[in-house]
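Participant: I have a structure here, written as structure tokens, and I will follow up with some questions on it.
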Amino acid sequence: MTMRKSILLLAALFTVPASAQLPGLRRRAPAPPAVVQNPIDVVRADFAAQTGGTTVYFAPGSAQLTPQARMILQRQAMWLRQHPGVAVRVEGHGDPTDTRDHALALGAERAAEARDYLVLLGTPAAQVSTMTWGKERPGPPSAMTTIQDLGGAPPVPAAG
Amino acid sequence: MILRSLGAAVLFAAAFLSAPTQAAQPGRPAATVIAIPPLTSPDTGKKGNEMLALAWQVTGLIADDLRQTAEVMPLAPDRNDYYSYPQVTAPTFSVWRGKGAKALITGFVQSRPDGRLTVGCYVYDVEAGRELGRKGFVVVPADLRRAAHKCSGLAYQAITGSPGMFDTRIAYVAETGAPEARVKRIAIMDSDGYNHKYLTPGGTTVLTPRLAPHAARLAYVSFQDGIPQVRIINLDTGEQRPLLPGSAMTFAPRYSPDGSKIVFSMMLGANSDIYVVGANGGPPQRLTTSPAIDTDPSFSPDGSKIVFESDRSGTQQLYVMDANGANQRRITFTTAAYSSPEWSPDGKFIAFTWRMADTRRIGIMEPDGTGEKILTAGPRDEGPSWAASSREIVFQRTEAAGRPAIYRVTLDGSAARRMTIPQDGSDPNWSGTMD
């Protein structure tokens with residue numbers, strides 16, 4: 001789990017430069033002094049804190065959302081509705097004991113199931129993309145879905 | 001192509017030796033002994049000495065090639081067995097009978113005014129005292145190894161009836177770095193390990209290189225645009241392009257036996273299905289529609305059928321369908337999971353990854369699902385790919401430290417052998433014979 005932390009990730013700014021649009025930012029302002037924090041990290045931290053987790057887990061071989069996964073996704077959907085300028089990407093992971101291509105397909109299926117649930121809960125489809133890592137990232141035996149940076153240039157750190 | 005066939009007529013006199021055909025059967029370890037006295041040269045003087053030195057290299061390469069097979073056992077080349085140029089086509093069979101050889105290779109290397117070399121080689125049935133085949137090539141000196149591989153292939157085919165796998169390439173994913181930050185590059189080498197090179201730079205995760213039949217093109221999966229997508233490399237020019245335009249996730253590519261089509265998996269929402277598209281592009285045609293995961297398609301050698309894996313029954317099993325998607329039928333029915341099938345070049349077998357709990361092994365079966373035979377012990381073997389000979393399989397074995405390596409295993413039941421590569425490797429793929 002902790003090993004995985006470094007690669008799980010969250011939401012990214014969707015070319016929204018004005019941090020003021022994101023109410024969470026100011027509340028979380030007392031960051032370590034003298035460190036200029038990248039706004040994207042602030043948004044990520046807020047997303048993680050508000051939703052109770054960026055990752056949902058599946059049973060081996062399965063792409064069915066568990067009740068626990070649905071709970072996390074419900075909170076994610078709520079947060080995403082409050083932050084329409086933020087785009088997210090769901091990254092699916094296959095099982096490490098799988099063969100290469102089946103792991104890719106299973107990861108993609110898991111990502112799609114999580115995304116479809118977010119959309120079902122009212123998240124605009126354009127706000128959520130998906131991808132699969134197959135078994136290319138080490139992780140726990142039961143695979144996981146993460147919500148991740150959409151890529152592109154990270155937002156410029158707020159001046160001062 | 002640099003290799004040019006000299007004698008248009010390759011004389012395969014329905015080239016089976018009498019005893020050796022036994023050795024060709026899996027599970028029969030008896031190998032055909034073949035003599036390879038040093039190749040000679042018609043050149044004289046200083047040039048002659050140069051050519052004899054090259055001929056000795058070719059001799060060694062042929063012996064090395066054949067020593068790697070289960071079916072042919074070369075006698076160690078001996079410089080004392082030198083013969084003259086006219087004896088290339090008139091060998092003294094009694095000498096070789098006396099040494100226990102059933103077959104014999106002779107040949108020559110000759111210089112040409114344009115700086116290239118002529119290489120000729122001849123294969124004989126020693127007991128019957130007759131020629132089984134001959135081949136000649138004009139090559140630049142740098143391609144002398146390939147000419148030697150072609151000679152090895154001539155001998156192997158004369159003895160076993162199967163094309164050799166000597167003048168072939170193996171593509172794979174070269175892996176370096178820590179487990180959580182693997183750097184993956186597509187690499188390619190001749191099947192004897194020479195001419196090793198990297199085709200992608202390493203900043204992007206890449207997977208599953210799959211060579212076109214004569215190894216002039218390579219399809220693979222790249223994450224360069226953030227999602228897995230099939231790309232094509234032209235190995236002659238180095239040019240690359242995506243297989244399809246657009247932003248769909250595509251993976252598991254494989255060429256058709258004639259190289260004209262590529263069959264692959266594409267995600268449509270949460271659904272992975274199998275599609276086929278022209279190797280040069282065009283609209284993809286959908287072949288499966290099951291809501292389950294259908295992936296890892298592989299053509300039969302005549303191009304009429306496709307084997308693939310699907311979990312539509314609840315577990316991963318193998319299915320065969322017509323090349324247009326019709327007549328899908330299941331061929332495996334056990335409690336194990338079956339995946340990553342590949343049809344053998346001779347059409348007789350399908351290789352697959354067999355999985356039970358966390359143990360993965362490589363196996364083969366006949367295309368109707370009968371005659372299952374597990375070839376490797378595992379516990380973490382996967383991704384079989386056939387040699388052109390249909391008698392050997394290359395696959396990935398993840399070793400105890402979690403590091404993937406590339407192994408070869410023959411169908412005769414002998415232990416798998418680790419290939420020597422410059423770093424860790426995964427997803428190996430073996431080409432057909434090059435032109």
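Residue names in the structure tokens use chain letters A, B, ... in the order shown, residue numbers from 1 in each chain, and ligand numbers from 1 in the order shown.
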Tell me as an MDAnalysis selection string which residues belonging to chain B come within 10 Å of chain A, counting only C-alpha atoms.

Facilitator: chainID B and resid 179:182 205:208 223 225:228 248:253 265:273 292:296 309:311 314:316 337:340 353:355 357:360 380:383 426:427

Participant: Could the residues in this selection be written to a file with C-alpha atoms, as a compact mmCIF listing (two decimals), in the first residue's frame?

Facilitator:
# COMPACT_ATOMS: atom_id res chain seq x y z
CA PRO B 179 11.24 -3.01 -10.28
CA GLU B 180 9.09 0.05 -9.55
CA ALA B 181 10.72 2.11 -12.30
CA ARG B 182 11.48 -0.34 -15.08
CA THR B 205 6.91 1.90 -21.56
CA VAL B 206 6.79 -0.58 -24.47
CA LEU B 207 5.46 -4.14 -24.69
CA THR B 208 5.02 -7.21 -26.89
CA PHE B 223 2.47 4.04 -23.98
CA ASP B 225 0.60 8.88 -25.91
CA GLY B 226 -0.44 7.91 -22.39
CA ILE B 227 -2.42 4.80 -23.28
CA PRO B 228 -1.33 1.48 -24.78
CA ALA B 248 -8.56 3.79 -28.66
CA MET B 249 -6.47 1.44 -26.54
CA THR B 250 -5.03 -1.26 -28.81
CA PHE B 251 -2.70 -4.14 -27.96
CA ALA B 252 -1.81 -7.81 -28.61
CA PRO B 253 -0.89 -7.34 -32.31
CA SER B 265 -7.25 -6.34 -29.45
CA MET B 266 -9.06 -3.04 -29.06
CA MET B 267 -10.96 -1.68 -26.07
CA LEU B 268 -14.41 -0.30 -26.72
CA GLY B 269 -15.49 1.04 -23.34
CA ALA B 270 -15.07 -1.81 -20.88
CA ASN B 271 -14.96 -4.42 -23.63
CA SER B 272 -11.87 -5.96 -25.22
CA ASP B 273 -12.54 -7.55 -28.61
CA ALA B 292 -15.85 -10.85 -22.04
CA ILE B 293 -12.13 -10.25 -22.55
CA ASP B 294 -11.12 -11.59 -25.96
CA THR B 295 -7.43 -11.10 -26.70
CA ASP B 296 -4.12 -12.57 -27.90
CA GLU B 309 -8.09 -16.49 -25.55
CA SER B 310 -11.37 -15.48 -23.97
CA ASP B 311 -12.78 -15.52 -20.45
CA GLY B 314 -15.67 -17.44 -16.62
CA THR B 315 -12.02 -18.46 -16.91
CA GLN B 316 -9.44 -17.88 -19.61
CA ALA B 337 -6.46 -21.08 -17.34
CA TYR B 338 -5.06 -20.90 -20.88
CA SER B 339 -3.71 -17.74 -22.44
CA SER B 340 -1.36 -16.15 -24.99
CA THR B 353 0.61 -20.25 -21.29
CA TRP B 354 -0.96 -22.65 -18.81
CA ARG B 355 -1.91 -21.23 -15.44
CA ALA B 357 -3.27 -20.56 -9.19
CA ASP B 358 0.02 -18.65 -9.31
CA THR B 359 1.92 -21.19 -11.40
CA ARG B 360 2.44 -20.45 -15.07
CA ARG B 380 6.41 -18.09 -13.80
CA ASP B 381 6.70 -18.82 -17.52
CA GLU B 382 4.62 -17.05 -20.15
CA GLY B 383 4.34 -15.74 -23.69
CA SER B 426 10.52 -10.10 -21.53
CA ASP B 427 7.93 -10.71 -24.27

Participant: Among segment 183-362 of chain B, which ones does DSSP place in strand (DSSP E or B), written as JSON, numbers by chain?

Facilitator: {"B": [183, 184, 185, 186, 187, 188, 189, 190, 197, 198, 206, 207, 208, 209, 210, 211, 217, 218, 219, 220, 221, 222, 229, 230, 231, 232, 233, 234, 240, 241, 242, 250, 251, 252, 253, 254, 255, 261, 262, 263, 264, 265, 266, 267, 268, 271, 272, 273, 274, 275, 276, 277, 278, 281, 282, 283, 284, 285, 286, 294, 295, 296, 297, 298, 299, 305, 306, 307, 308, 309, 310, 317, 318, 319, 320, 321, 322, 329, 330, 337, 338, 339, 340, 341, 342, 343, 350, 351, 352, 353, 354, 355, 356, 359, 360, 361, 362]}

Participant: Which value, in Å to one decimal, gives the distance between atom CA of Val123 of chain B and atom CA of Ala90 of chain B?

Facilitator: 11.4 Å

Participant: Between atom CA of Arg254 of chain B and atom CA of Gly282 of chain B, what is the spacing in Å?

Facilitator: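 Spanning atom CA of Gly282 of chain B to atom CA of Arg254 of chain B is a straight-line distance of 16.2 Å.
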
Participant: List the spatial neighbours of Ser389 of chain B as a PyMOL selection string - criterion: any atom at most 6 Å away, only C-alpha atoms, same-chain residues fewer than 3 positions off excluded.

Facilitator: chain B and resi 162-165

Participant: Based on DSSP run over this structure's backbone, return all residues of segment 131-308 of chain B in helix (DSSP H, G or I), as JSON, numbers by chain.

Facilitator: {"B": [141, 142, 143, 144, 145, 146, 147, 148, 149, 150, 151, 152, 153, 154, 155, 156, 157, 158, 159, 160, 179, 180, 181]}

Participant: What is the distance between atom CA of Glu131 of chain B and atom CA of Glu50 of chain B, in Å to one decimal?

Facilitator: 28.1 Å
